[in-house]
>>> print(open('structure_36.cif').read())   # mmCIF, C-alpha atoms
data_model
#
loop_
_atom_site.group_PDB
_atom_site.id
_atom_site.type_symbol
_atom_site.label_atom_id
_atom_site.label_comp_id
_atom_site.auth_asym_id
_atom_site.auth_seq_id
_atom_site.Cartn_x
_atom_site.Cartn_y
_atom_site.Cartn_z
ATOM 1 C CA MET A 17 74.817 137.301 152.383
ATOM 2 C CA ALA A 18 74.935 137.942 148.651
ATOM 3 C CA TYR A 19 72.873 135.651 146.467
ATOM 4 C CA LYS A 20 73.467 135.074 142.783
ATOM 5 C CA LYS A 21 71.707 133.190 139.990
ATOM 6 C CA LEU A 22 73.353 130.285 138.203
ATOM 7 C CA SER A 23 72.602 131.913 134.820
ATOM 8 C CA GLU A 24 74.632 135.002 135.838
ATOM 9 C CA GLN A 25 77.552 132.845 136.935
ATOM 10 C CA VAL A 26 77.503 130.808 133.706
ATOM 11 C CA MET A 27 78.025 134.054 131.749
ATOM 12 C CA GLU A 28 81.326 134.568 133.616
ATOM 13 C CA LEU A 29 82.828 131.310 132.288
ATOM 14 C CA SER A 30 85.928 131.817 130.171
ATOM 15 C CA ASN A 31 84.767 129.046 127.798
ATOM 16 C CA PRO A 32 80.978 129.197 127.242
ATOM 17 C CA GLN A 33 81.081 125.941 125.222
ATOM 18 C CA ARG A 34 81.709 124.136 128.533
ATOM 19 C CA SER A 35 78.627 125.619 130.251
ATOM 20 C CA ASP A 36 76.816 122.256 130.291
ATOM 21 C CA THR A 37 79.725 120.645 132.138
ATOM 22 C CA PHE A 38 79.899 123.579 134.556
ATOM 23 C CA VAL A 39 76.185 123.241 135.371
ATOM 24 C CA LYS A 40 76.658 119.517 136.091
ATOM 25 C CA LEU A 41 79.665 120.237 138.333
ATOM 26 C CA PHE A 42 77.739 123.029 140.087
ATOM 27 C CA GLN A 43 74.766 120.751 140.771
ATOM 28 C CA GLU A 44 77.139 118.061 142.073
ATOM 29 C CA ALA A 45 78.751 120.620 144.420
ATOM 30 C CA VAL A 46 75.313 121.666 145.718
ATOM 31 C CA ARG A 47 74.296 118.024 146.183
ATOM 32 C CA SER A 48 77.495 117.204 148.097
ATOM 33 C CA GLY A 49 77.209 120.311 150.302
ATOM 34 C CA LYS A 50 80.211 122.286 148.995
ATOM 35 C CA ILE A 51 77.895 125.086 147.832
ATOM 36 C CA ASP A 52 74.582 126.229 149.317
ATOM 37 C CA GLY A 53 72.061 126.457 146.481
ATOM 38 C CA ALA A 54 68.395 125.947 145.661
ATOM 39 C CA TYR A 55 66.254 125.525 142.538
ATOM 40 C CA LEU A 56 64.112 128.411 141.308
ATOM 41 C CA PRO A 57 60.838 127.859 139.389
ATOM 42 C CA GLU A 58 62.309 129.154 136.103
ATOM 43 C CA ARG A 59 64.691 128.028 133.376
ATOM 44 C CA PHE A 60 67.554 129.651 131.465
ATOM 45 C CA THR A 61 69.274 128.930 128.148
ATOM 46 C CA MET A 62 72.883 127.797 128.332
ATOM 47 C CA PRO A 63 75.302 129.628 126.002
ATOM 48 C CA LYS A 64 76.719 126.370 124.600
ATOM 49 C CA GLN A 65 75.959 125.674 120.928
ATOM 50 C CA PHE A 66 75.115 121.985 120.425
ATOM 51 C CA THR A 67 75.239 120.359 116.984
ATOM 52 C CA ARG A 68 73.216 117.418 115.773
ATOM 53 C CA ARG A 69 75.155 114.474 114.449
ATOM 54 C CA GLY A 70 75.346 114.518 110.664
ATOM 55 C CA SER A 71 73.987 118.061 110.414
ATOM 56 C CA THR A 72 75.395 121.577 110.430
ATOM 57 C CA ASP A 73 72.584 123.327 112.327
ATOM 58 C CA THR A 74 73.051 124.174 116.009
ATOM 59 C CA TYR A 75 70.696 124.418 118.958
ATOM 60 C CA GLN A 76 70.821 125.420 122.621
ATOM 61 C CA ARG A 77 69.478 123.705 125.716
ATOM 62 C CA ASP A 78 67.592 125.054 128.703
ATOM 63 C CA THR A 79 68.274 124.057 132.284
ATOM 64 C CA ARG A 80 66.669 124.794 135.652
ATOM 65 C CA GLU A 81 67.657 128.071 137.246
ATOM 66 C CA MET A 82 69.286 127.963 140.669
ATOM 67 C CA ILE A 83 70.150 130.547 143.287
ATOM 68 C CA PHE A 84 73.225 130.175 145.485
ATOM 69 C CA ASP A 85 75.091 131.858 148.310
ATOM 70 C CA HIS A 86 77.994 133.856 146.793
ATOM 71 C CA THR A 87 80.805 133.342 149.338
ATOM 72 C CA PRO A 88 84.632 133.463 149.193
ATOM 73 C CA ASP A 89 84.568 129.636 149.305
ATOM 74 C CA PHE A 90 82.389 129.645 146.201
ATOM 75 C CA ASP A 91 84.771 132.092 144.479
ATOM 76 C CA ALA A 92 87.690 129.726 145.136
ATOM 77 C CA TRP A 93 85.681 126.751 143.826
ATOM 78 C CA PHE A 94 84.611 128.732 140.745
ATOM 79 C CA GLU A 95 88.177 129.878 139.941
ATOM 80 C CA GLU A 96 89.470 126.299 140.092
ATOM 81 C CA THR A 97 86.539 124.867 138.115
ATOM 82 C CA ASN A 98 86.723 127.618 135.487
ATOM 83 C CA ARG A 99 90.478 127.036 135.071
ATOM 84 C CA ASP A 100 89.919 123.288 134.636
ATOM 85 C CA LEU A 101 87.146 123.835 132.083
ATOM 86 C CA ALA A 102 89.156 126.428 130.142
ATOM 87 C CA ALA A 103 92.041 123.990 129.670
ATOM 88 C CA ALA A 104 92.071 122.214 126.352
ATOM 89 C CA ARG A 105 90.296 118.893 126.536
ATOM 90 C CA ARG A 106 92.320 115.862 125.643
ATOM 91 C CA GLY A 107 90.725 114.393 122.550
ATOM 92 C CA GLY A 108 90.137 110.730 121.967
ATOM 93 C CA ASN A 109 92.454 108.453 120.071
ATOM 94 C CA ILE A 110 93.839 109.862 116.858
ATOM 95 C CA LYS A 111 92.618 107.946 113.846
ATOM 96 C CA PRO A 112 95.590 106.457 111.969
ATOM 97 C CA SER A 113 95.976 108.125 108.586
ATOM 98 C CA MET A 114 98.740 109.126 106.200
ATOM 99 C CA GLU A 115 98.585 112.718 107.482
ATOM 100 C CA ALA A 116 98.676 111.626 111.141
ATOM 101 C CA VAL A 117 101.757 109.442 110.532
ATOM 102 C CA GLU A 118 103.550 112.130 108.495
ATOM 103 C CA SER A 119 102.878 114.828 111.092
ATOM 104 C CA GLY A 120 104.081 112.557 113.909
ATOM 105 C CA LEU A 121 100.746 112.375 115.749
ATOM 106 C CA VAL A 122 100.778 108.583 115.381
ATOM 107 C CA ASP A 123 103.916 106.478 115.925
ATOM 108 C CA PHE A 124 104.497 104.370 112.810
ATOM 109 C CA GLN A 125 106.548 101.664 114.588
ATOM 110 C CA THR A 126 103.780 101.181 117.154
ATOM 111 C CA MET A 127 101.296 100.750 114.293
ATOM 112 C CA VAL A 128 103.616 98.189 112.644
ATOM 113 C CA GLU A 129 103.951 96.161 115.862
ATOM 114 C CA GLU A 130 100.193 96.240 116.460
ATOM 115 C CA THR A 131 99.492 95.141 112.872
ATOM 116 C CA ARG A 132 101.978 92.246 113.108
ATOM 117 C CA ARG A 133 100.467 91.128 116.410
ATOM 118 C CA LYS A 134 96.950 91.175 114.926
ATOM 119 C CA MET A 135 98.070 89.322 111.786
ATOM 120 C CA GLN A 136 99.879 86.669 113.867
ATOM 121 C CA ALA A 137 96.842 86.173 116.121
ATOM 122 C CA SER A 138 94.596 85.836 113.065
ATOM 123 C CA PHE A 139 97.010 83.343 111.468
ATOM 124 C CA GLU A 140 97.209 81.244 114.641
ATOM 125 C CA LYS A 141 93.435 81.268 115.000
ATOM 126 C CA GLY A 142 93.084 80.023 111.421
ATOM 127 C CA GLN A 143 95.669 77.284 112.001
ATOM 128 C CA ALA A 144 93.903 76.165 115.181
ATOM 129 C CA LEU A 145 90.573 76.102 113.359
ATOM 130 C CA GLY A 146 92.080 74.038 110.564
ATOM 131 C CA LYS A 147 93.640 71.555 112.985
ATOM 132 C CA GLY A 148 90.363 71.193 114.849
ATOM 133 C CA ARG A 149 88.470 70.466 111.649
ATOM 134 C CA ALA A 150 91.125 68.033 110.421
ATOM 135 C CA LYS A 151 90.797 65.983 113.615
ATOM 136 C CA THR A 152 87.000 65.765 113.436
ATOM 137 C CA THR A 153 86.815 64.952 109.724
ATOM 138 C CA SER A 154 89.740 62.478 109.531
ATOM 139 C CA GLY A 155 87.822 59.699 111.306
ATOM 140 C CA LYS A 156 84.648 60.163 109.272
ATOM 141 C CA LYS A 157 86.236 59.956 105.810
ATOM 142 C CA LYS A 158 86.963 56.210 106.038
ATOM 143 C CA LYS A 159 84.434 54.468 103.792
#
>>> encode(input="structure_36.cif", output="structure tokens")
Amino acid sequence: MAYKKLSEQVMELSNPQRSDTFVKLFQEAVRSGKIDGAYLPERFTMPKQFTRRGSTDTYQRDTREMIFDHTPDFDAWFEETNRDLAAARRGGNIKPSMEAVESGLVDFQTMVEETRRKMQASFEKGQALGKGRAKTTSGKKKK
């Protein structure tokens, strides 16, 4: 049996910025029994560069070192996981802006329909509020 350290395997990732996700997936695979692995009493630094919100400086995180059984089953799991992590992540919703509309990233007609729906709901809410107040105050004004 050939044993390998998690830190050595992380260096083989095609996208080192996804090393934190890989470590989580690896630990999940060990926990579920897909991979045979054990913790070692040492730590290693992940290659991912983290940034603090509102700042330009970067930092790296340490995680617990693990040793695992390097088998053909592991190689198949690693190839699939590495391929999934290398694929471009789908970003969140695109913020509506002039540039986004002009470049076609945001559908203008969808924005128009959504705006009209919101305006109509707001108008109806205001009308309902006004009607509710008119009913409660109409009886009290008689003096």
>>> resolve_selection(input="structure_36.cif", expression="the PyMOL selection byres ((chain A and resi 102) around 12)", output="PyMOL selection string")
chain A and resi 28-35+37-38+94-101+103-106
>>> atom_distance(input="structure_36.cif", atom1="atom CA of Ala92 of chain A", atom2="atom CA of Ala18 of chain A")
15.6 Å
>>> atom_distance(input="structure_36.cif", atom1="atom CA of Leu121 of chain A", atom2="atom CA of Lys134 of chain A")
21.6 Å
>>> residues_near_point(input="structure_36.cif", point="(67.7, 132.1, 126.0)", cutoff="9 Å", atoms="only C-alpha atoms", output="list in words")
Arg59, Phe60, Thr61, Met62, Pro63, Gln76, Arg77 and Asp78 of chain A
>>> closest_residue(input="structure_36.cif", among="A:Gly142, A:Met82, A:Arg68, A:Phe90", to="Lys50 of chain A", atoms="all atoms listed in the file")
A:Phe90
>>> resolve_selection(input="structure_36.cif", expression="the PyMOL selection byres ((chain A and resi 54) around 12)", output="PyMOL selection string")
chain A and resi 19-22+42-43+45-47+49+51-53+55-58+80-85
>>> axis_aligned_box(input="structure_36.cif", around="segment 53-66 of chain A", padding_each_side="5 Å", output="AutoDock Vina command-line options")
--center_x 68.8 --center_y 125.8 --center_z 133.5 --size_x 25.9 --size_y 17.7 --size_z 36.1
>>> resolve_selection(input="structure_36.cif", expression="the PyMOL selection byres ((chain A and resi 112) around 10)", output="ChimeraX atom specification")
/A:109-111,113-117,121-124,127
>>> atom_distance(input="structure_36.cif", atom1="atom CA of Trp93 of chain A", atom2="atom CA of Glu44 of chain A")
12.3 Å
